[in-house]
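**Q** One file: structure_35.csv (CSV, C-alpha atoms).
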```csv
chain,number,residue,atom,x,y,z
A,34,MET,CA,-24.8,85.3,59.0
A,35,LEU,CA,-23.7,82.8,56.4
A,36,ASP,CA,-26.2,80.2,55.1
A,37,VAL,CA,-25.6,77.0,56.9
A,38,LYS,CA,-26.7,75.1,53.7
A,39,LEU,CA,-23.7,76.8,51.9
A,40,LEU,CA,-21.3,75.5,54.6
A,41,ARG,CA,-22.7,72.0,54.5
A,42,GLU,CA,-22.7,71.6,50.8
A,43,ASN,CA,-19.5,73.6,49.9
A,44,LEU,CA,-17.4,73.4,53.0
A,45,ASP,CA,-14.1,72.8,51.2
A,46,GLU,CA,-14.7,75.9,49.0
A,47,VAL,CA,-15.7,78.0,52.0
A,48,LYS,CA,-12.6,76.9,53.9
A,49,ALA,CA,-10.4,77.9,50.9
A,50,ARG,CA,-12.0,81.3,50.5
A,51,MET,CA,-12.0,82.0,54.2
A,52,ALA,CA,-8.3,81.1,54.4
A,53,THR,CA,-7.4,84.0,52.1
A,54,ARG,CA,-8.6,86.4,54.9
A,55,GLY,CA,-6.1,85.1,57.3
A,56,GLY,CA,-6.8,84.0,60.9
A,57,THR,CA,-8.1,80.6,61.9
A,58,ILE,CA,-11.5,79.0,62.1
A,59,ASP,CA,-12.3,75.8,63.9
A,60,TRP,CA,-14.2,74.0,61.2
A,61,ASP,CA,-14.3,70.8,63.2
A,62,GLU,CA,-16.3,72.7,65.7
A,63,PHE,CA,-18.8,73.6,63.0
A,64,VAL,CA,-19.1,70.0,61.8
A,65,THR,CA,-19.6,68.8,65.4
A,66,LEU,CA,-22.1,71.4,66.4
A,67,ASP,CA,-24.1,71.0,63.1
A,68,ARG,CA,-24.3,67.3,63.6
A,69,GLU,CA,-25.3,67.6,67.3
A,70,ARG,CA,-27.9,70.2,66.4
A,71,ARG,CA,-29.4,68.1,63.6
A,72,ASP,CA,-29.5,65.0,65.8
A,73,ALA,CA,-31.3,67.0,68.6
A,74,LEU,CA,-33.8,68.4,66.1
A,75,ALA,CA,-34.4,65.0,64.6
A,76,ASN,CA,-35.0,63.5,68.0
A,77,ILE,CA,-37.6,66.1,69.0
A,78,GLU,CA,-39.3,65.8,65.6
A,79,ARG,CA,-39.6,62.0,66.0
A,80,LEU,CA,-41.0,62.3,69.5
A,81,LYS,CA,-43.5,64.9,68.4
A,82,GLU,CA,-44.6,62.7,65.4
A,83,LYS,CA,-45.1,59.8,67.9
A,84,LYS,CA,-47.1,62.0,70.2
A,85,ASN,CA,-49.4,63.1,67.4
A,86,ARG,CA,-49.8,59.5,66.3
A,87,LEU,CA,-50.7,58.4,69.9
A,88,SER,CA,-53.1,61.3,70.3
A,89,GLY,CA,-54.9,60.2,67.1
A,90,GLU,CA,-55.1,56.6,68.3
A,91,ILE,CA,-56.3,57.6,71.8
A,92,GLY,CA,-59.0,59.7,70.2
A,93,LYS,CA,-60.2,56.8,68.1
A,94,ILE,CA,-60.3,54.4,71.1
A,95,LYS,CA,-62.2,56.8,73.3
A,96,LYS,CA,-64.7,57.5,70.5
A,97,SER,CA,-65.4,53.8,70.2
A,98,GLY,CA,-65.7,53.4,74.0
A,99,GLY,CA,-62.5,51.5,74.5
A,100,ASP,CA,-59.8,51.8,77.2
A,101,ALA,CA,-57.0,54.1,76.2
A,102,ALA,CA,-55.2,54.2,79.6
A,103,ALA,CA,-52.1,52.4,78.4
A,104,LEU,CA,-51.7,54.7,75.3
A,105,MET,CA,-52.3,57.7,77.5
A,106,ARG,CA,-49.5,56.7,79.8
A,107,GLU,CA,-47.2,56.2,76.8
A,108,GLY,CA,-48.2,59.6,75.6
A,109,GLU,CA,-47.2,61.1,78.9
A,110,GLU,CA,-43.8,59.4,78.7
A,111,VAL,CA,-43.4,60.8,75.2
A,112,SER,CA,-44.3,64.3,76.4
A,113,GLU,CA,-41.8,64.0,79.2
A,114,ALA,CA,-39.1,62.9,76.7
A,115,ILE,CA,-39.9,66.0,74.6
A,116,ARG,CA,-39.6,68.3,77.6
A,117,ALA,CA,-36.3,66.6,78.5
A,118,GLY,CA,-35.0,67.0,74.9
A,119,GLU,CA,-35.8,70.7,74.6
A,120,SER,CA,-33.1,71.8,77.0
A,121,PRO,CA,-30.2,70.1,75.1
A,122,LEU,CA,-31.7,71.4,71.9
A,123,ALA,CA,-31.8,75.0,73.2
A,124,ASP,CA,-28.2,74.6,74.4
A,125,VAL,CA,-26.8,73.4,71.1
A,126,GLU,CA,-28.8,76.0,69.2
A,127,THR,CA,-27.2,78.7,71.3
A,128,ARG,CA,-23.7,77.3,70.8
A,129,PHE,CA,-24.3,76.9,67.1
A,130,GLU,CA,-25.7,80.4,66.6
A,131,ARG,CA,-22.7,81.8,68.6
A,132,PHE,CA,-20.3,80.0,66.3
A,133,MET,CA,-22.1,81.1,63.1
A,134,LEU,CA,-22.1,84.8,64.3
A,135,THR,CA,-18.3,84.7,64.6
A,136,LEU,CA,-17.8,83.8,60.9
A,137,PRO,CA,-16.8,86.7,58.7
A,138,ASN,CA,-18.3,87.2,55.2
A,139,LEU,CA,-16.8,85.3,52.3
A,140,PRO,CA,-14.4,87.4,50.3
A,141,ALA,CA,-15.5,87.9,46.7
A,142,ARG,CA,-13.6,85.7,44.2
A,143,THR,CA,-12.4,88.8,42.4
A,144,VAL,CA,-10.7,90.3,45.5
A,145,THR,CA,-6.9,90.2,45.2
A,146,VAL,CA,-5.3,88.0,47.9
A,147,GLY,CA,-2.5,89.6,49.8
A,148,LYS,CA,-1.0,90.2,53.2
A,149,THR,CA,0.1,93.9,52.9
A,150,GLU,CA,-1.0,97.0,51.0
A,151,SER,CA,1.8,96.4,48.5
A,152,ASP,CA,-0.2,93.3,47.3
A,153,ASN,CA,-3.2,95.6,46.4
A,154,LYS,CA,-4.0,96.0,42.7
A,155,GLU,CA,-4.8,99.5,41.4
A,156,VAL,CA,-8.1,99.1,39.4
A,157,ARG,CA,-8.5,102.6,38.1
A,158,ARG,CA,-7.3,106.2,38.8
A,159,TRP,CA,-9.2,109.5,38.5
A,160,GLY,CA,-7.3,112.7,38.2
A,161,GLU,CA,-3.7,113.3,39.4
A,162,PRO,CA,-2.3,113.8,42.9
A,163,PRO,CA,-1.6,117.5,43.5
A,164,ASN,CA,1.9,118.8,43.8
A,165,PHE,CA,2.5,121.6,46.3
A,166,ASP,CA,5.4,124.0,46.3
A,167,PHE,CA,5.3,124.0,50.1
A,168,GLU,CA,5.1,121.4,52.9
A,169,PRO,CA,1.4,120.5,53.4
A,170,LYS,CA,0.1,120.6,57.0
A,171,ASN,CA,-2.0,118.1,58.7
A,172,HIS,CA,-5.7,119.0,59.0
A,173,TRP,CA,-5.6,119.0,62.8
A,174,ASP,CA,-2.8,121.5,62.8
A,175,ILE,CA,-4.7,123.7,60.4
A,176,GLY,CA,-7.9,123.4,62.4
A,177,GLU,CA,-6.2,124.5,65.6
A,178,GLU,CA,-4.4,127.4,63.9
A,179,LEU,CA,-7.7,128.6,62.6
A,180,ALA,CA,-9.4,128.1,66.0
A,181,ILE,CA,-12.1,125.9,64.4
A,182,LEU,CA,-10.9,122.7,66.2
A,183,ASP,CA,-10.2,122.5,69.9
A,184,PHE,CA,-8.5,119.3,71.0
A,185,THR,CA,-7.4,120.5,74.4
A,186,ARG,CA,-11.0,121.3,75.5
A,187,ALA,CA,-12.3,118.1,74.0
A,188,ALA,CA,-9.7,116.1,76.0
A,189,LYS,CA,-10.9,117.7,79.2
A,190,ILE,CA,-14.6,116.9,78.3
A,191,ALA,CA,-14.2,113.4,76.9
A,192,GLY,CA,-10.6,112.3,76.6
A,193,ALA,CA,-8.1,111.7,73.8
A,194,ARG,CA,-9.1,111.4,70.1
A,195,PHE,CA,-12.1,113.8,70.4
A,196,ALA,CA,-12.5,117.3,69.0
A,197,VAL,CA,-14.6,120.3,69.8
A,198,TYR,CA,-15.7,122.1,66.6
A,199,ARG,CA,-15.9,125.9,66.9
A,200,ASP,CA,-17.4,128.7,64.9
A,201,ALA,CA,-16.7,128.0,61.2
A,202,GLY,CA,-15.7,124.4,62.0
A,203,ALA,CA,-19.0,123.7,63.6
A,204,ARG,CA,-20.9,125.4,60.7
A,205,LEU,CA,-18.8,123.4,58.2
A,206,GLU,CA,-19.6,120.1,59.9
A,207,ARG,CA,-23.3,121.0,59.9
A,208,ALA,CA,-23.2,122.2,56.3
A,209,LEU,CA,-21.5,118.9,55.1
A,210,ILE,CA,-24.3,116.9,56.8
A,211,ASN,CA,-27.0,118.9,55.2
A,212,PHE,CA,-25.2,118.8,51.8
A,213,MET,CA,-25.0,115.0,51.9
A,214,LEU,CA,-28.7,114.6,53.0
A,215,ASP,CA,-30.0,117.1,50.5
A,216,LEU,CA,-28.0,115.7,47.6
A,217,HIS,CA,-29.1,112.1,48.1
A,218,THR,CA,-32.7,112.8,49.0
A,219,ARG,CA,-33.4,115.3,46.3
A,220,GLU,CA,-31.3,113.9,43.4
A,221,ASN,CA,-30.6,110.2,44.1
A,222,GLY,CA,-34.0,108.9,45.3
A,223,TYR,CA,-33.1,108.2,49.0
A,224,LYS,CA,-35.5,108.9,51.8
A,225,GLU,CA,-34.2,110.7,54.9
A,226,MET,CA,-34.5,108.8,58.1
A,227,LEU,CA,-33.7,109.7,61.7
A,228,PRO,CA,-33.4,106.4,63.6
A,229,PRO,CA,-32.8,106.0,67.4
A,230,ALA,CA,-29.2,106.5,68.5
A,231,LEU,CA,-29.8,103.6,71.0
A,232,VAL,CA,-30.6,100.1,69.7
A,233,ASN,CA,-31.0,96.7,71.2
A,234,ARG,CA,-28.7,93.7,70.9
A,235,ALA,CA,-30.7,92.0,68.2
A,236,SER,CA,-30.4,95.1,65.9
A,237,LEU,CA,-26.6,95.1,66.1
A,238,ILE,CA,-26.4,91.3,65.6
A,239,GLY,CA,-28.5,91.9,62.4
A,240,THR,CA,-26.0,94.5,61.2
A,241,GLY,CA,-23.0,92.4,62.0
A,242,GLN,CA,-21.6,94.7,64.8
A,243,LEU,CA,-22.2,92.0,67.4
A,244,PRO,CA,-20.7,89.8,68.7
A,245,LYS,CA,-17.4,90.7,67.0
A,246,PHE,CA,-17.2,94.4,68.1
A,247,GLU,CA,-19.0,94.3,71.4
A,248,GLU,CA,-15.9,95.5,73.3
A,249,ASP,CA,-15.6,98.5,71.0
A,250,LEU,CA,-19.2,99.7,71.5
A,251,PHE,CA,-20.8,101.9,74.2
A,252,HIS,CA,-23.1,99.7,76.2
A,253,LEU,CA,-25.9,100.9,78.5
A,254,ALA,CA,-27.4,98.7,81.2
A,255,PRO,CA,-30.0,97.9,82.4
A,256,GLY,CA,-31.9,97.3,79.2
A,257,ASP,CA,-29.0,95.9,77.1
A,258,TYR,CA,-28.8,98.9,74.8
A,259,PHE,CA,-25.9,100.1,72.6
A,260,LEU,CA,-25.1,103.3,71.0
A,261,ILE,CA,-25.1,102.8,67.2
A,262,PRO,CA,-21.5,103.0,65.8
A,263,THR,CA,-22.2,106.2,63.9
A,264,SER,CA,-23.6,108.0,67.0
```
If you took the structure in this file and wrote it as structure tokens, what would it be?
**A**
Amino acid sequence: MLDVKLLRENLDEVKARMATRGGTIDWDEFVTLDRERRDALANIERLKEKKNRLSGEIGKIKKSGGDAAALMREGEEVSEAIRAGESPLADVETRFERFMLTLPNLPARTVTVGKTESDNKEVRRWGEPPNFDFEPKNHWDIGEELAILDFTRAAKIAGARFAVYRDAGARLERALINFMLDLHTRENGYKEMLPPALVNRASLIGTGQLPKFEEDLFHLAPGDYFLIPTS
């Protein structure tokens, strides 16, 4: 989530950088929500400050043996005003957070602005593309010919765009996983972790998957759990 202070103090710059991503953002909604939220917060803080002041005065009067009934009634009125103001504050907080969660990250200033892949700038190149004296095949065709990928069986089990790995294909998949883990944990200082495949909503909000990609995720209810994207 972007820092709200950044938006308040540099809104014109944020607008310009966001515009390079395409799409539209209702910045008037941000200004309105931010003002409404700050007003609601300020109102609650003023009331709480008044309640604290009244509590102090009531304590002094009672200590001296005086009658604090009028101030106590005023204190109850302030407490009621605080309770009445908490619901609107919670509502605007929810709407403000929902808006902030829809904002994408700011593109880096060094990123080339363009609409198609032809606008991309080649930064560097390593090696040379191979030249074949035959027509290369797609990997899925090779996999089926070698009987290491089975798309027909996968379609029966799960549907389109899935694959069953067989024999050497399954071993290759497992070997690649082990190779990646061994390389990075033994040589690059990483620690191997095995997190849960199911996570709660707050976790995916924290990683930026929600709310934007909610319709693309596998959701389990009750419990409001999601399968992590890499599961």
**Q** With only C-alpha atoms as the counted atoms, please give the residues lying no more than 6 Å from Ala187 (chain A), apart from itself and same-chain residues fewer than 3 positions off, as a count of residues only.
**A** 6
**Q** Hey, can you check how far CA of Arg70 (chain A) sits from CA of Leu39 (chain A)?
**A**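 Separating CA of Arg70 (chain A) from CA of Leu39 (chain A) is a distance of 16.5 Å.
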**Q** Please list as a ChimeraX atom specification every residue within 8 Å of Ala230 (chain A), counting all atoms listed in the file and excluding residues in the same chain fewer than 2 positions away.
**A** /A:228,232,260-261,264
**Q** CA of Gly241 (chain A) and CA of Phe259 (chain A) are how many Å apart?
**A**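 Interatomic distance here is 13.4 Å.
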**Q** Which residues are close to Met226 (chain A), i.e. within 12 Å by all atoms listed in the file, leaving aside same-chain residues fewer than 4 positions away? Reply as a VMD selection string.
**A** chain A and resid 214 217 to 218 230
**Q** I'd like the contact shell of Arg131 (chain A) - 12 Å cut-off, only C-alpha atoms, skipping same-chain residues fewer than 4 positions apart - returned as a PyMOL selection string.
**A** chain A and resi 34+62-63+66+124-127+135-136+238+243-245
**Q** Record the distance separating CA of Glu109 (chain A) and CA of Leu87 (chain A), expressed in Å with one decimal.
**A**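 A separation of 10.0 Å between them.
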**Q** Looking at only C-alpha atoms, which of A:Lys38, A:Arg234, A:Lys224, A:Arg54 is the one that sits closest to Val144 (chain A)?
**A**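 Closest residue, counting only C-alpha atoms: A:Arg54.
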**Q** Pick from A:Thr65, A:Thr240, A:Asn76, A:Thr185: nearest to Leu122 (chain A), with only C-alpha atoms counted?
**A**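 Once distances to Leu122 (chain A) are computed over only C-alpha atoms, the minimum belongs to A:Asn76.
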**Q** Can you list, as an MDAnalysis selection string, every protein, DNA or RNA residue that comes within 12 Å of Ala114 (chain A) when you count all atoms listed in the file, leaving out same-chain residues fewer than 2 positions away?
**A** chainID A and resid 73 76:81 83:84 107:112 116:121
